[in-house]
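S.K.: The structure under discussion is supplied below as structure tokens; questions concerning it will follow.
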Amino acid sequence: MAGINIEVVNECTVLSDDQIRKAVAAVQTQVHRDFAPVWGIDASLSFLPKGKKLRPDTWWIGIFDNSDKAGALGYHDLTNKGLPVGKVFAESDIQSNSSWTNDLSHEVLEMLGDPDINLAAYREEEGKLTFYAVEVCDPCEDDPDGYLISGVLVSDFVFPAWFEGFRKEGSTQFDFRKHISKPFQLLPDGYIGVFDPSSHKGWHQVNGKMNPKYLTRAKLGSRRQRRNMPREEWQVSTVKRA
């Protein structure tokens with residue numbers, strides 16, 4: 001029995017409850033079958049239709065139209081009990097011809113891999129030290145790099161070996177889909193947050209290629225935005241749903 005319980009709530013106008021329920025079932029299979037054996041982290045997912053109350057002892061993921069219309073829950077960074085909150089912006093995904101189900105999978109896996117958005121792995125190369133954010137889907141997150149579960153597209157994700165600089169190229173498996181051949185490699189449409197102590201950039205994005213999709217300002221409430229925010233500025237939800 002998984003010790004982590006995640007509730008996914010429909011807060012959008014562009015998807016039906018049935019569409020989201022099907023996607024949640026596919027991501028649940030991914031977490032149990034594919035992710036947990038590799039990362040040692042499991043979770044039980046449940047779907048909440050519109051108007052249902054979120055439980056206070058669960059982690060939350062809200063599916064919104066976009067970051068401008070996210071509503072009260074979308075503008076907060078933690079649940080009212082201080083637990084993790086994730087966000088998916090379905091209308092924005094659809095408008096950009098991206099898969100919202102891949103985005104949901106991405107959000108769930110990264111929430112499990114680094115729920116407090118505070119983990120990093122350092123890499124020392126030619127005397128330079130760089131910290132890499134522990135975001136397990138970013139390096140290989142593009143839709144074509146994902147895979148189907150019961151007809152639902154879910155995200156590829158990296159293995160712990162991706163963060164282990166001692167690994168030789170081709171020596172082990174670095175991501176679930178076997179697209180990546182060495183540590184810290186980004187697929188062409190992948191990206192990762194890095195921190196270079198010798199510079200004054202703070203956390204910033206490195207891209208597999210110069211993809212405009214990830215050169216814009218981070219979406220309100222996204223993990224990218226929160227990693228750059230001082231922790232004292234994180235907002236605890238006051239949404240009266242539980």
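Residues in the structure tokens are numbered from 1 in each chain, the chains being A, B, ... in the order shown, and ligands are numbered from 1 in the order shown.
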From region 28-99 of chain A, collect each residue whose DSSP state is helix (DSSP H, G or I) and return the set as number ranges by chain.

M.R.: A: 28-39, 67-69, 71-74, 90-95

S.K.: Give me the residues near Phe174 (chain A) as number ranges by chain, where near means some atom within 8 Å (using only C-alpha atoms) and where sequence neighbours in that chain fewer than 5 positions away do not count.

M.R.: A: 158-162, 180-183

S.K.: Could you dump the residues just selected with C-alpha atoms as a PDB file, in the first residue's frame?

M.R.:
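File produced: out_6.pdb:
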ATOM      1  CA  VAL A 158      15.045   9.649 -16.157  1.00  0.00           C
ATOM      2  CA  PHE A 159      16.526   7.040 -13.836  1.00  0.00           C
ATOM      3  CA  PRO A 160      18.725   7.888 -10.819  1.00  0.00           C
ATOM      4  CA  ALA A 161      21.746   7.052 -12.998  1.00  0.00           C
ATOM      5  CA  TRP A 162      21.082  10.234 -15.009  1.00  0.00           C
ATOM      6  CA  ILE A 180      19.301   8.855 -23.277  1.00  0.00           C
ATOM      7  CA  SER A 181      22.779   7.306 -23.360  1.00  0.00           C
ATOM      8  CA  LYS A 182      24.760   9.174 -20.673  1.00  0.00           C
ATOM      9  CA  PRO A 183      24.459  11.239 -17.475  1.00  0.00           C
TER      10      PRO A 183
END

S.K.: What's the separation between CA of Glu141 (chain A) and CA of Asp156 (chain A), in Å to one decimal place?

M.R.: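 Separation of CA of Glu141 (chain A) and CA of Asp156 (chain A): 6.0 Å.
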
S.K.: Excluding Leu48 (chain A) and any residue of its chain fewer than 3 positions from it, enumerate the residues within 7 Å of it, using only C-alpha atoms, and give them as a list of chain:residue names.

M.R.: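 In the requested format, the answer is A:Glu7, A:Val8, A:Val9, A:Asn10, A:Lys52.
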
S.K.: Write the residues of the selection above to a file with C-alpha atoms, as a PDB file, in the first residue's frame.

M.R.:
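Final output, saved to part-v7.pdb:
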ATOM      1  CA  GLU A   7      -5.925  13.703  -5.330  1.00  0.00           C
ATOM      2  CA  VAL A   8      -6.377  15.117  -8.838  1.00  0.00           C
ATOM      3  CA  VAL A   9      -9.194  17.650  -9.081  1.00  0.00           C
ATOM      4  CA  ASN A  10     -10.889  19.025 -12.184  1.00  0.00           C
ATOM      5  CA  LYS A  52     -15.924  17.493  -4.617  1.00  0.00           C
TER       6      LYS A  52
END

S.K.: Using only C-alpha atoms for the distances, tell me which of A:Ile6, A:Ile20, A:Val14, A:Leu112 is nearest to Ile61 (chain A).

M.R.: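 Ranking A:Ile6, A:Ile20, A:Val14, A:Leu112 by distance to Ile61 (chain A), first place goes to A:Ile6.
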
S.K.: Going by DSSP on the backbone, which bits of region 19-233 of chain A are strand (DSSP E or B)? Write them as a PDB file with N, CA and C atoms, in the first residue's frame, please.

M.R.:
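Listing of result15.pdb after writing:
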ATOM      1  N   ALA A  43       2.741   5.793  -4.964  1.00  0.00           N
ATOM      2  CA  ALA A  43       1.644   6.661  -4.542  1.00  0.00           C
ATOM      3  C   ALA A  43       0.330   6.089  -5.050  1.00  0.00           C
ATOM      4  N   SER A  44      -0.735   6.440  -4.348  1.00  0.00           N
ATOM      5  CA  SER A  44      -2.089   6.109  -4.779  1.00  0.00           C
ATOM      6  C   SER A  44      -2.754   7.382  -5.280  1.00  0.00           C
ATOM      7  N   LEU A  45      -3.258   7.339  -6.511  1.00  0.00           N
ATOM      8  CA  LEU A  45      -3.906   8.496  -7.115  1.00  0.00           C
ATOM      9  C   LEU A  45      -5.409   8.293  -7.118  1.00  0.00           C
ATOM     10  N   SER A  46      -6.131   9.361  -6.920  1.00  0.00           N
ATOM     11  CA  SER A  46      -7.586   9.325  -7.039  1.00  0.00           C
ATOM     12  C   SER A  46      -8.051  10.591  -7.728  1.00  0.00           C
ATOM     13  N   PHE A  47      -9.166  10.471  -8.446  1.00  0.00           N
ATOM     14  CA  PHE A  47      -9.712  11.600  -9.187  1.00  0.00           C
ATOM     15  C   PHE A  47     -10.912  12.166  -8.454  1.00  0.00           C
ATOM     16  N   LEU A  48     -11.003  13.501  -8.410  1.00  0.00           N
ATOM     17  CA  LEU A  48     -12.146  14.182  -7.820  1.00  0.00           C
ATOM     18  C   LEU A  48     -12.869  14.988  -8.893  1.00  0.00           C
ATOM     19  N   TRP A  59      -1.876  14.991  -1.005  1.00  0.00           N
ATOM     20  CA  TRP A  59      -1.235  15.932  -1.917  1.00  0.00           C
ATOM     21  C   TRP A  59      -2.249  16.245  -3.016  1.00  0.00           C
ATOM     22  N   TRP A  60      -2.180  17.454  -3.572  1.00  0.00           N
ATOM     23  CA  TRP A  60      -3.189  17.877  -4.540  1.00  0.00           C
ATOM     24  C   TRP A  60      -2.566  18.194  -5.892  1.00  0.00           C
ATOM     25  N   ILE A  61      -3.290  17.844  -6.946  1.00  0.00           N
ATOM     26  CA  ILE A  61      -2.981  18.337  -8.292  1.00  0.00           C
ATOM     27  C   ILE A  61      -4.259  18.908  -8.872  1.00  0.00           C
ATOM     28  N   GLY A  62      -4.213  20.176  -9.244  1.00  0.00           N
ATOM     29  CA  GLY A  62      -5.351  20.817  -9.885  1.00  0.00           C
ATOM     30  C   GLY A  62      -5.134  20.901 -11.382  1.00  0.00           C
ATOM     31  N   ILE A  63      -6.161  20.573 -12.146  1.00  0.00           N
ATOM     32  CA  ILE A  63      -6.112  20.722 -13.603  1.00  0.00           C
ATOM     33  C   ILE A  63      -6.928  21.956 -13.957  1.00  0.00           C
ATOM     34  N   PHE A  64      -6.218  22.992 -14.442  1.00  0.00           N
ATOM     35  CA  PHE A  64      -6.810  24.288 -14.722  1.00  0.00           C
ATOM     36  C   PHE A  64      -6.813  24.547 -16.225  1.00  0.00           C
ATOM     37  N   LEU A  78       1.275  25.374  -1.582  1.00  0.00           N
ATOM     38  CA  LEU A  78       1.157  24.239  -0.673  1.00  0.00           C
ATOM     39  C   LEU A  78      -0.315  24.091  -0.301  1.00  0.00           C
ATOM     40  N   PRO A  84       2.396  19.106  -0.620  1.00  0.00           N
ATOM     41  CA  PRO A  84       2.655  19.549  -2.002  1.00  0.00           C
ATOM     42  C   PRO A  84       1.389  19.769  -2.830  1.00  0.00           C
ATOM     43  N   VAL A  85       1.490  20.758  -3.706  1.00  0.00           N
ATOM     44  CA  VAL A  85       0.448  21.073  -4.693  1.00  0.00           C
ATOM     45  C   VAL A  85       1.083  21.042  -6.073  1.00  0.00           C
ATOM     46  N   GLY A  86       0.418  20.390  -7.026  1.00  0.00           N
ATOM     47  CA  GLY A  86       0.858  20.394  -8.419  1.00  0.00           C
ATOM     48  C   GLY A  86      -0.210  21.007  -9.305  1.00  0.00           C
ATOM     49  N   LYS A  87       0.201  21.483 -10.478  1.00  0.00           N
ATOM     50  CA  LYS A  87      -0.726  22.172 -11.369  1.00  0.00           C
ATOM     51  C   LYS A  87      -0.501  21.756 -12.813  1.00  0.00           C
ATOM     52  N   VAL A  88      -1.601  21.543 -13.515  1.00  0.00           N
ATOM     53  CA  VAL A  88      -1.579  21.245 -14.950  1.00  0.00           C
ATOM     54  C   VAL A  88      -2.483  22.266 -15.622  1.00  0.00           C
ATOM     55  N   PHE A  89      -2.013  22.867 -16.718  1.00  0.00           N
ATOM     56  CA  PHE A  89      -2.776  23.893 -17.418  1.00  0.00           C
ATOM     57  C   PHE A  89      -3.230  23.334 -18.771  1.00  0.00           C
ATOM     58  N   ALA A 120      18.863  18.710  -5.406  1.00  0.00           N
ATOM     59  CA  ALA A 120      19.760  18.974  -6.526  1.00  0.00           C
ATOM     60  C   ALA A 120      20.926  17.996  -6.469  1.00  0.00           C
ATOM     61  N   ALA A 121      21.493  17.712  -7.633  1.00  0.00           N
ATOM     62  CA  ALA A 121      22.687  16.877  -7.739  1.00  0.00           C
ATOM     63  C   ALA A 121      23.805  17.733  -8.326  1.00  0.00           C
ATOM     64  N   TYR A 122      24.994  17.624  -7.751  1.00  0.00           N
ATOM     65  CA  TYR A 122      26.069  18.462  -8.279  1.00  0.00           C
ATOM     66  C   TYR A 122      26.947  17.664  -9.238  1.00  0.00           C
ATOM     67  N   ARG A 123      27.489  18.383 -10.198  1.00  0.00           N
ATOM     68  CA  ARG A 123      28.387  17.811 -11.199  1.00  0.00           C
ATOM     69  C   ARG A 123      29.641  18.677 -11.252  1.00  0.00           C
ATOM     70  N   GLU A 124      30.795  18.033 -11.106  1.00  0.00           N
ATOM     71  CA  GLU A 124      32.060  18.754 -11.201  1.00  0.00           C
ATOM     72  C   GLU A 124      32.745  18.345 -12.485  1.00  0.00           C
ATOM     73  N   GLU A 125      33.003  19.326 -13.329  1.00  0.00           N
ATOM     74  CA  GLU A 125      33.599  19.057 -14.636  1.00  0.00           C
ATOM     75  C   GLU A 125      34.610  20.148 -14.955  1.00  0.00           C
ATOM     76  N   LYS A 128      34.746  23.037 -12.613  1.00  0.00           N
ATOM     77  CA  LYS A 128      33.534  23.846 -12.466  1.00  0.00           C
ATOM     78  C   LYS A 128      32.446  23.014 -11.808  1.00  0.00           C
ATOM     79  N   LEU A 129      31.792  23.606 -10.823  1.00  0.00           N
ATOM     80  CA  LEU A 129      30.733  22.929 -10.085  1.00  0.00           C
ATOM     81  C   LEU A 129      29.377  23.462 -10.533  1.00  0.00           C
ATOM     82  N   THR A 130      28.483  22.558 -10.917  1.00  0.00           N
ATOM     83  CA  THR A 130      27.139  22.932 -11.339  1.00  0.00           C
ATOM     84  C   THR A 130      26.135  22.047 -10.619  1.00  0.00           C
ATOM     85  N   PHE A 131      25.067  22.651 -10.125  1.00  0.00           N
ATOM     86  CA  PHE A 131      23.990  21.899  -9.484  1.00  0.00           C
ATOM     87  C   PHE A 131      22.839  21.721 -10.469  1.00  0.00           C
ATOM     88  N   TYR A 132      22.328  20.491 -10.533  1.00  0.00           N
ATOM     89  CA  TYR A 132      21.212  20.158 -11.412  1.00  0.00           C
ATOM     90  C   TYR A 132      19.971  19.873 -10.569  1.00  0.00           C
ATOM     91  N   ALA A 133      18.864  20.514 -10.908  1.00  0.00           N
ATOM     92  CA  ALA A 133      17.612  20.266 -10.197  1.00  0.00           C
ATOM     93  C   ALA A 133      17.173  18.823 -10.403  1.00  0.00           C
ATOM     94  N   TYR A 147       5.200   7.694 -23.969  1.00  0.00           N
ATOM     95  CA  TYR A 147       4.677   6.390 -24.384  1.00  0.00           C
ATOM     96  C   TYR A 147       3.223   6.264 -23.939  1.00  0.00           C
ATOM     97  N   LEU A 148       2.538   5.278 -24.491  1.00  0.00           N
ATOM     98  CA  LEU A 148       1.107   5.113 -24.257  1.00  0.00           C
ATOM     99  C   LEU A 148       0.835   4.049 -23.203  1.00  0.00           C
ATOM    100  N   ILE A 149      -0.125   4.350 -22.340  1.00  0.00           N
ATOM    101  CA  ILE A 149      -0.689   3.375 -21.418  1.00  0.00           C
ATOM    102  C   ILE A 149      -2.202   3.428 -21.587  1.00  0.00           C
ATOM    103  N   VAL A 152      -3.359   6.391 -23.438  1.00  0.00           N
ATOM    104  CA  VAL A 152      -3.088   7.704 -22.830  1.00  0.00           C
ATOM    105  C   VAL A 152      -1.592   7.966 -22.879  1.00  0.00           C
ATOM    106  N   LEU A 153      -1.197   9.124 -23.411  1.00  0.00           N
ATOM    107  CA  LEU A 153       0.218   9.475 -23.485  1.00  0.00           C
ATOM    108  C   LEU A 153       0.733   9.885 -22.111  1.00  0.00           C
ATOM    109  N   VAL A 154       1.829   9.254 -21.680  1.00  0.00           N
ATOM    110  CA  VAL A 154       2.492   9.621 -20.425  1.00  0.00           C
ATOM    111  C   VAL A 154       3.947   9.964 -20.715  1.00  0.00           C
ATOM    112  N   VAL A 158      13.674  10.119 -16.329  1.00  0.00           N
ATOM    113  CA  VAL A 158      15.045   9.649 -16.157  1.00  0.00           C
ATOM    114  C   VAL A 158      15.153   8.740 -14.941  1.00  0.00           C
ATOM    115  N   ASP A 175      17.032   6.400 -18.838  1.00  0.00           N
ATOM    116  CA  ASP A 175      15.643   6.842 -18.833  1.00  0.00           C
ATOM    117  C   ASP A 175      14.767   5.659 -19.206  1.00  0.00           C
ATOM    118  N   TYR A 191      15.055  19.852 -21.163  1.00  0.00           N
ATOM    119  CA  TYR A 191      15.632  21.008 -20.476  1.00  0.00           C
ATOM    120  C   TYR A 191      15.861  20.612 -19.024  1.00  0.00           C
ATOM    121  N   ILE A 192      16.576  21.447 -18.283  1.00  0.00           N
ATOM    122  CA  ILE A 192      16.812  21.196 -16.868  1.00  0.00           C
ATOM    123  C   ILE A 192      17.183  22.513 -16.190  1.00  0.00           C
ATOM    124  N   GLY A 193      16.812  22.647 -14.937  1.00  0.00           N
ATOM    125  CA  GLY A 193      17.210  23.802 -14.158  1.00  0.00           C
ATOM    126  C   GLY A 193      18.590  23.582 -13.561  1.00  0.00           C
ATOM    127  N   VAL A 194      19.468  24.571 -13.677  1.00  0.00           N
ATOM    128  CA  VAL A 194      20.823  24.456 -13.149  1.00  0.00           C
ATOM    129  C   VAL A 194      21.156  25.690 -12.311  1.00  0.00           C
ATOM    130  N   PHE A 195      22.107  25.483 -11.405  1.00  0.00           N
ATOM    131  CA  PHE A 195      22.597  26.577 -10.570  1.00  0.00           C
ATOM    132  C   PHE A 195      24.117  26.548 -10.604  1.00  0.00           C
ATOM    133  N   TRP A 203      19.067  30.114 -10.217  1.00  0.00           N
ATOM    134  CA  TRP A 203      18.563  28.967 -10.973  1.00  0.00           C
ATOM    135  C   TRP A 203      18.125  29.437 -12.356  1.00  0.00           C
ATOM    136  N   HIS A 204      18.581  28.772 -13.395  1.00  0.00           N
ATOM    137  CA  HIS A 204      18.190  29.124 -14.752  1.00  0.00           C
ATOM    138  C   HIS A 204      18.077  27.863 -15.595  1.00  0.00           C
ATOM    139  N   GLN A 205      17.491  28.013 -16.747  1.00  0.00           N
ATOM    140  CA  GLN A 205      17.164  26.883 -17.588  1.00  0.00           C
ATOM    141  C   GLN A 205      18.258  26.621 -18.616  1.00  0.00           C
ATOM    142  N   VAL A 206      18.596  25.334 -18.800  1.00  0.00           N
ATOM    143  CA  VAL A 206      19.466  24.891 -19.879  1.00  0.00           C
ATOM    144  C   VAL A 206      18.630  23.992 -20.785  1.00  0.00           C
ATOM    145  N   ASN A 207      18.693  24.223 -22.086  1.00  0.00           N
ATOM    146  CA  ASN A 207      17.850  23.508 -23.033  1.00  0.00           C
ATOM    147  C   ASN A 207      18.657  22.577 -23.912  1.00  0.00           C
TER     148      ASN A 207
END

S.K.: CA of Glu110 (chain A) and CA of Thr172 (chain A), how far apart in Å?

M.R.: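 The value is 21.7 Å.
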
S.K.: May I ask which of the residues A:Asp34, A:Thr101, A:Gly127, A:Lys50 is the closest one to Gly151 (chain A), counting only C-alpha atoms?

M.R.: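 Once distances to Gly151 (chain A) are computed over only C-alpha atoms, the minimum belongs to A:Thr101.
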
S.K.: Which one is closest to Leu54 (chain A): A:Asp18, A:Gln28, A:Asn5, A:Asn102? Count only C-alpha atoms.

M.R.: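 For Leu54 (chain A), the nearest of the given residues is A:Asn5.
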